[in-house]
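A.B. asks: Have a look at this one.
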Amino acid sequence: MEHTSFQSQGRFAQVPPGLRVYAIGDVHGRADLLSQLFTAIDADLAANPAPRAMQIFLGDYIDRGPDSRDVLNLLIARSQHHETIFLKGNHEVLIEQFLRRPELLATWRQVGGIQTLLSYGMRPSFNPDAAEQAALAQQLAYALPPAHRELFGNLKRSFTCGDFFFVHAGIRPGVPLSEQTDDDLFWIRERFLKCTDKFEKIIVHGHTPVAEVEFHSNRINVDTGAFATGRLSCLRIEADNILWFTGKRVGAARLYL
């Protein structure tokens, strides 16, 4: 097992007593990997029962991979039997924008939107004109099951638990967590990623793919590019102990607040 730690002063970051948190990185249409991860989480819960277990999904459920529709079905089914928190990612923003403004298809398709349309049974042409774009938006609106619409409509901007702040992309340094904008929570990259200052809490995020789960003194990146790498990663936080697993690889970490 790999171990990560940062020397500092103070106490270790932790979640409330009696709670175990699983935080899952960007799924991006990989229903196969999500199903495998659920099996791993269930096995962990069976072998190591917890008084309360919460599963937090960091956004970007759709696009790029082949099975966006099936991913949403798996998430909805999971929520019926487990305590779940679903955060919004920038790709959920993009599908909402496309439904309102079909002319944005050109932008959405550059980041995997066509794969989502295909998963709902649509067959767009290579270069759809304005009329086809509008028709595709109407077809998608009709094809979205009510449960999928409800999921999209209830996505959270962020979630705070103990000493951890869960969010899709990150936060803007120097701005209180309570005052972060949607643009930063869903889209920010460089200014956040390059910041080495301590934040109010440890930021757990996805959005920017990395080769392995990354631990920094102020943040943890859980996005290991599942759609391209075949590796969907998860954090397991209980008290001040952090485990991560990607397939059969497992590591441990502790971070000072």
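Please note that chains go A, B, ... in the order of the structure tokens, that every chain numbers its residues from 1, and that ligands are numbered from 1 in the order shown.
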Can you pull out every residue within 10 Å of Arg191 of chain A, counting only C-alpha atoms, but drop anything in the same chain fewer than 2 positions away, and send it as JSON, numbers by chain?

C.D. replies: {"A": [170, 171, 172, 173, 184, 188, 189, 193, 194, 195]}

A.B. asks: Wanna dump the segment 158-203 of chain A-segment 52-56 of chain A contacts at 12 Å for me, each residue with its shortest atom pair and the distance in Å to one decimal, counting only C-alpha atoms, ordered by chain and number, as CSV?

C.D. replies:
residue,atom,partner,partner_atom,distance
A:Ser158,CA,A:Ile56,CA,10.1
A:Phe159,CA,A:Ile56,CA,8.6
A:Thr160,CA,A:Ile56,CA,10.6
A:Cys161,CA,A:Met54,CA,10.3
A:Phe164,CA,A:Ile56,CA,11.8
A:Phe165,CA,A:Ile56,CA,11.1
A:Phe166,CA,A:Ile56,CA,8.0
A:Val167,CA,A:Ile56,CA,9.7
A:His168,CA,A:Ile56,CA,10.7

A.B. asks: Let me see the file: selected residues, C-alpha atoms, as a short mmCIF file (atom, residue, chain, number, x, y, z; two decimals), in the first residue's frame.

C.D. replies:
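Written output follows (out-v6.cif):
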data_model
loop_
_atom_site.label_atom_id
_atom_site.label_comp_id
_atom_site.auth_asym_id
_atom_site.auth_seq_id
_atom_site.Cartn_x
_atom_site.Cartn_y
_atom_site.Cartn_z
CA SER A 158 -20.49 21.85 -3.55
CA PHE A 159 -20.66 19.92 -0.31
CA THR A 160 -18.91 20.44 3.02
CA CYS A 161 -18.23 17.58 5.42
CA PHE A 164 -13.28 18.69 3.63
CA PHE A 165 -14.93 20.73 0.87
CA PHE A 166 -16.09 18.62 -2.07
CA VAL A 167 -16.46 20.33 -5.45
CA HIS A 168 -16.09 19.52 -9.13
#

A.B. asks: With only C-alpha atoms as the counted atoms, please give the residues lying no more than 10 Å from segment 212-217 of chain A, apart from itself and same-chain residues fewer than 5 positions off, as number ranges by chain.

C.D. replies: A: 4-8, 25, 193, 196-199, 202-204, 206, 222-225, 231-235, 244-246, 251, 253-257

A.B. asks: Keeping N, CA and C atoms for every residue in the selection just given, could you write it to a file as a tab-separated table (two decimals), in the first residue's frame?

C.D. replies:
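File produced: selection04.tsv:
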chain	number	residue	atom	x	y	z
A	4	THR	N	0.95	8.52	1.68
A	4	THR	CA	1.22	9.93	1.40
A	4	THR	C	0.94	10.74	2.65
A	5	SER	N	1.83	11.67	2.97
A	5	SER	CA	1.58	12.57	4.11
A	5	SER	C	2.34	13.86	3.88
A	6	PHE	N	1.89	14.91	4.54
A	6	PHE	CA	2.55	16.21	4.47
A	6	PHE	C	2.85	16.66	5.89
A	7	GLN	N	4.10	16.99	6.13
A	7	GLN	CA	4.49	17.45	7.45
A	7	GLN	C	4.03	18.90	7.64
A	8	SER	N	3.40	19.13	8.75
A	8	SER	CA	2.90	20.47	9.03
A	8	SER	C	2.59	20.54	10.51
A	25	GLY	N	-14.46	10.11	-8.41
A	25	GLY	CA	-14.05	11.07	-9.43
A	25	GLY	C	-14.91	11.03	-10.69
A	193	LEU	N	-5.13	25.23	-9.24
A	193	LEU	CA	-4.17	24.13	-9.21
A	193	LEU	C	-2.77	24.59	-8.82
A	196	THR	N	-0.59	27.15	-3.61
A	196	THR	CA	-0.05	26.32	-2.53
A	196	THR	C	-0.48	26.82	-1.16
A	197	ASP	N	-1.26	27.89	-1.11
A	197	ASP	CA	-1.73	28.41	0.17
A	197	ASP	C	-2.75	27.46	0.79
A	198	LYS	N	-2.85	27.48	2.10
A	198	LYS	CA	-3.88	26.72	2.78
A	198	LYS	C	-5.25	27.34	2.51
A	199	PHE	N	-6.25	26.50	2.34
A	199	PHE	CA	-7.62	26.96	2.21
A	199	PHE	C	-8.33	26.73	3.54
A	202	ILE	N	-9.71	21.23	3.32
A	202	ILE	CA	-9.07	20.48	2.26
A	202	ILE	C	-10.06	20.34	1.11
A	203	ILE	N	-9.65	20.72	-0.09
A	203	ILE	CA	-10.53	20.68	-1.25
A	203	ILE	C	-10.39	19.32	-1.94
A	204	VAL	N	-11.50	18.62	-2.09
A	204	VAL	CA	-11.52	17.35	-2.82
A	204	VAL	C	-12.22	17.62	-4.15
A	206	GLY	N	-12.29	17.03	-8.83
A	206	GLY	CA	-11.96	16.31	-10.05
A	206	GLY	C	-11.61	17.31	-11.13
A	222	VAL	N	-9.13	13.67	-7.55
A	222	VAL	CA	-9.58	12.29	-7.67
A	222	VAL	C	-9.90	11.91	-9.12
A	223	ASP	N	-9.67	12.81	-10.08
A	223	ASP	CA	-10.00	12.53	-11.48
A	223	ASP	C	-8.81	11.87	-12.16
A	224	THR	N	-8.92	10.57	-12.42
A	224	THR	CA	-7.84	9.86	-13.12
A	224	THR	C	-8.24	9.51	-14.55
A	225	GLY	N	-9.04	10.36	-15.17
A	225	GLY	CA	-9.33	10.26	-16.59
A	225	GLY	C	-9.98	8.95	-17.01
A	231	ARG	N	-9.42	3.94	-15.62
A	231	ARG	CA	-9.20	3.96	-14.18
A	231	ARG	C	-10.12	4.99	-13.54
A	232	LEU	N	-11.11	4.51	-12.79
A	232	LEU	CA	-12.01	5.37	-12.04
A	232	LEU	C	-11.62	5.28	-10.57
A	233	SER	N	-11.34	6.42	-9.97
A	233	SER	CA	-10.76	6.43	-8.62
A	233	SER	C	-11.75	6.90	-7.56
A	234	CYS	N	-11.45	6.51	-6.33
A	234	CYS	CA	-12.34	6.80	-5.20
A	234	CYS	C	-11.51	7.04	-3.96
A	235	LEU	N	-11.92	8.02	-3.16
A	235	LEU	CA	-11.36	8.23	-1.83
A	235	LEU	C	-12.28	7.59	-0.80
A	244	TRP	N	-7.26	5.59	-0.75
A	244	TRP	CA	-7.72	5.77	-2.13
A	244	TRP	C	-7.57	4.44	-2.85
A	245	PHE	N	-8.47	4.18	-3.77
A	245	PHE	CA	-8.30	2.99	-4.58
A	245	PHE	C	-8.70	3.26	-6.02
A	246	THR	N	-7.88	2.70	-6.91
A	246	THR	CA	-8.08	2.78	-8.35
A	246	THR	C	-7.93	1.36	-8.86
A	251	GLY	N	-3.93	3.05	-1.75
A	251	GLY	CA	-2.96	3.87	-1.02
A	251	GLY	C	-3.60	4.51	0.19
A	253	ALA	N	-3.33	7.95	3.11
A	253	ALA	CA	-2.80	9.30	3.30
A	253	ALA	C	-3.43	9.93	4.53
A	254	ARG	N	-2.75	10.93	5.03
A	254	ARG	CA	-3.31	11.84	6.03
A	254	ARG	C	-2.88	13.24	5.65
A	255	LEU	N	-3.78	14.18	5.83
A	255	LEU	CA	-3.46	15.57	5.51
A	255	LEU	C	-3.73	16.44	6.72
A	256	TYR	N	-2.82	17.37	6.99
A	256	TYR	CA	-3.05	18.35	8.04
A	256	TYR	C	-3.99	19.43	7.53
A	257	LEU	N	-4.86	19.87	8.40
A	257	LEU	CA	-5.76	20.95	8.05
A	257	LEU	C	-4.99	22.27	7.98

A.B. asks: Quick one: pull the distance between atom CA of Arg236 of chain A and atom CA of Ala77 of chain A, Å, one decimal.

C.D. replies: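 It comes out at 20.9 Å.
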
A.B. asks: Leaving out Arg123 of chain A and any residue of its chain fewer than 2 positions from it, which residues lie within 9 Å of it when counting only C-alpha atoms, given as number ranges by chain?

C.D. replies: A: 114, 117-118, 121, 125, 136

A.B. asks: What does the distance from atom CA of Gln133 of chain A to atom CA of Ile76 of chain A come to in Å, to one decimal?

C.D. replies: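 Atom CA of Gln133 of chain A sits 28.3 Å away from atom CA of Ile76 of chain A.
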
A.B. asks: Between A:Ser35, A:Asn241, A:Thr116, A:Gln110, which is the closest to Leu75 of chain A once you count only C-alpha atoms?

C.D. replies: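 Smallest distance to Leu75 of chain A is found for A:Ser35.
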
A.B. asks: Write out as a VMD selection string all residues of segment 13-210 of chain A that backbone DSSP assigns to alpha helix (DSSP H).

C.D. replies: chain A and resid 31 to 47 68 to 79 90 to 100 105 to 109 113 to 119 130 to 143 146 to 153 182 to 187 190 to 193

A.B. asks: In terms of the shortest atom-to-atom distance over only C-alpha atoms, which of A:Gly112, A:Gly65, A:Gly174, A:Pro102 is closest to Ala31 of chain A?

C.D. replies: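 Closest candidate: A:Gly65.
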
A.B. asks: Just give me the gap between atom CA of Thr208 of chain A and atom CA of Asp26 of chain A in Å, one decimal is fine.

C.D. replies: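 The value is 9.2 Å.
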
A.B. asks: Please identify which residues in segment 27-82 of chain A DSSP calls strand (DSSP E or B) from the backbone, and express them as a PyMOL selection string.

C.D. replies: chain A and resi 52-57

A.B. asks: So, with only C-alpha atoms as the atoms that count, which of A:Glu238, A:Glu179, A:Asp70, A:Glu103 lies closest to Ser119 of chain A?

C.D. replies: A:Asp70

A.B. asks: Neighbouring residues of segment 139-144 of chain A were defined as those with any atom within 9 Å, considering only C-alpha atoms; residues of the same chain fewer than 2 positions away were excluded. Please report them as a VMD selection string.

C.D. replies: chain A and resid 69 99 117 120 to 122 134 to 137 146 to 149

A.B. asks: My list of candidates is A:Val93, A:Phe57, A:Asn73, A:Ser68. Which is closest to Phe186 of chain A when distances are computed with only C-alpha atoms?

C.D. replies: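 Among the listed residues, the smallest separation from Phe186 of chain A belongs to A:Val93.
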
A.B. asks: Using only C-alpha atoms, tabulate the residues of segment 65-137 of chain A lying at most 12 Å from any atom of segment 36-51 of chain A, each with its closest atom pair and that distance in Å to one decimal, by chain and increasing residue number, as CSV.

C.D. replies:
residue,atom,partner,partner_atom,distance
A:Val71,CA,A:Phe38,CA,11.8
A:Leu74,CA,A:Phe38,CA,9.4
A:Leu75,CA,A:Phe38,CA,10.0
A:Ala77,CA,A:Phe38,CA,11.2
A:Arg78,CA,A:Phe38,CA,8.6
A:Ser79,CA,A:Phe38,CA,11.8
A:His81,CA,A:Asp42,CA,11.5
A:His82,CA,A:Asp42,CA,10.3

A.B. asks: Let's have the selection written as a PDB file, in the first residue's frame, with C-alpha atoms.

C.D. replies:
ATOM      1  CA  VAL A  71     -24.238   5.985 -15.896  1.00  0.00           C
ATOM      2  CA  LEU A  74     -26.708   3.494 -12.176  1.00  0.00           C
ATOM      3  CA  LEU A  75     -26.457   6.669 -10.094  1.00  0.00           C
ATOM      4  CA  ALA A  77     -30.434   3.245  -8.644  1.00  0.00           C
ATOM      5  CA  ARG A  78     -27.557   3.761  -6.206  1.00  0.00           C
ATOM      6  CA  SER A  79     -29.328   6.687  -4.565  1.00  0.00           C
ATOM      7  CA  HIS A  81     -30.342   2.269  -1.414  1.00  0.00           C
ATOM      8  CA  HIS A  82     -27.410   4.423  -0.270  1.00  0.00           C
TER       9      HIS A  82
END

A.B. asks: Could you tell me which of A:Gly153, A:Gln115, A:Ala13, A:Thr107 comes closest to Glu200 of chain A if we count only C-alpha atoms?

C.D. replies: A:Ala13
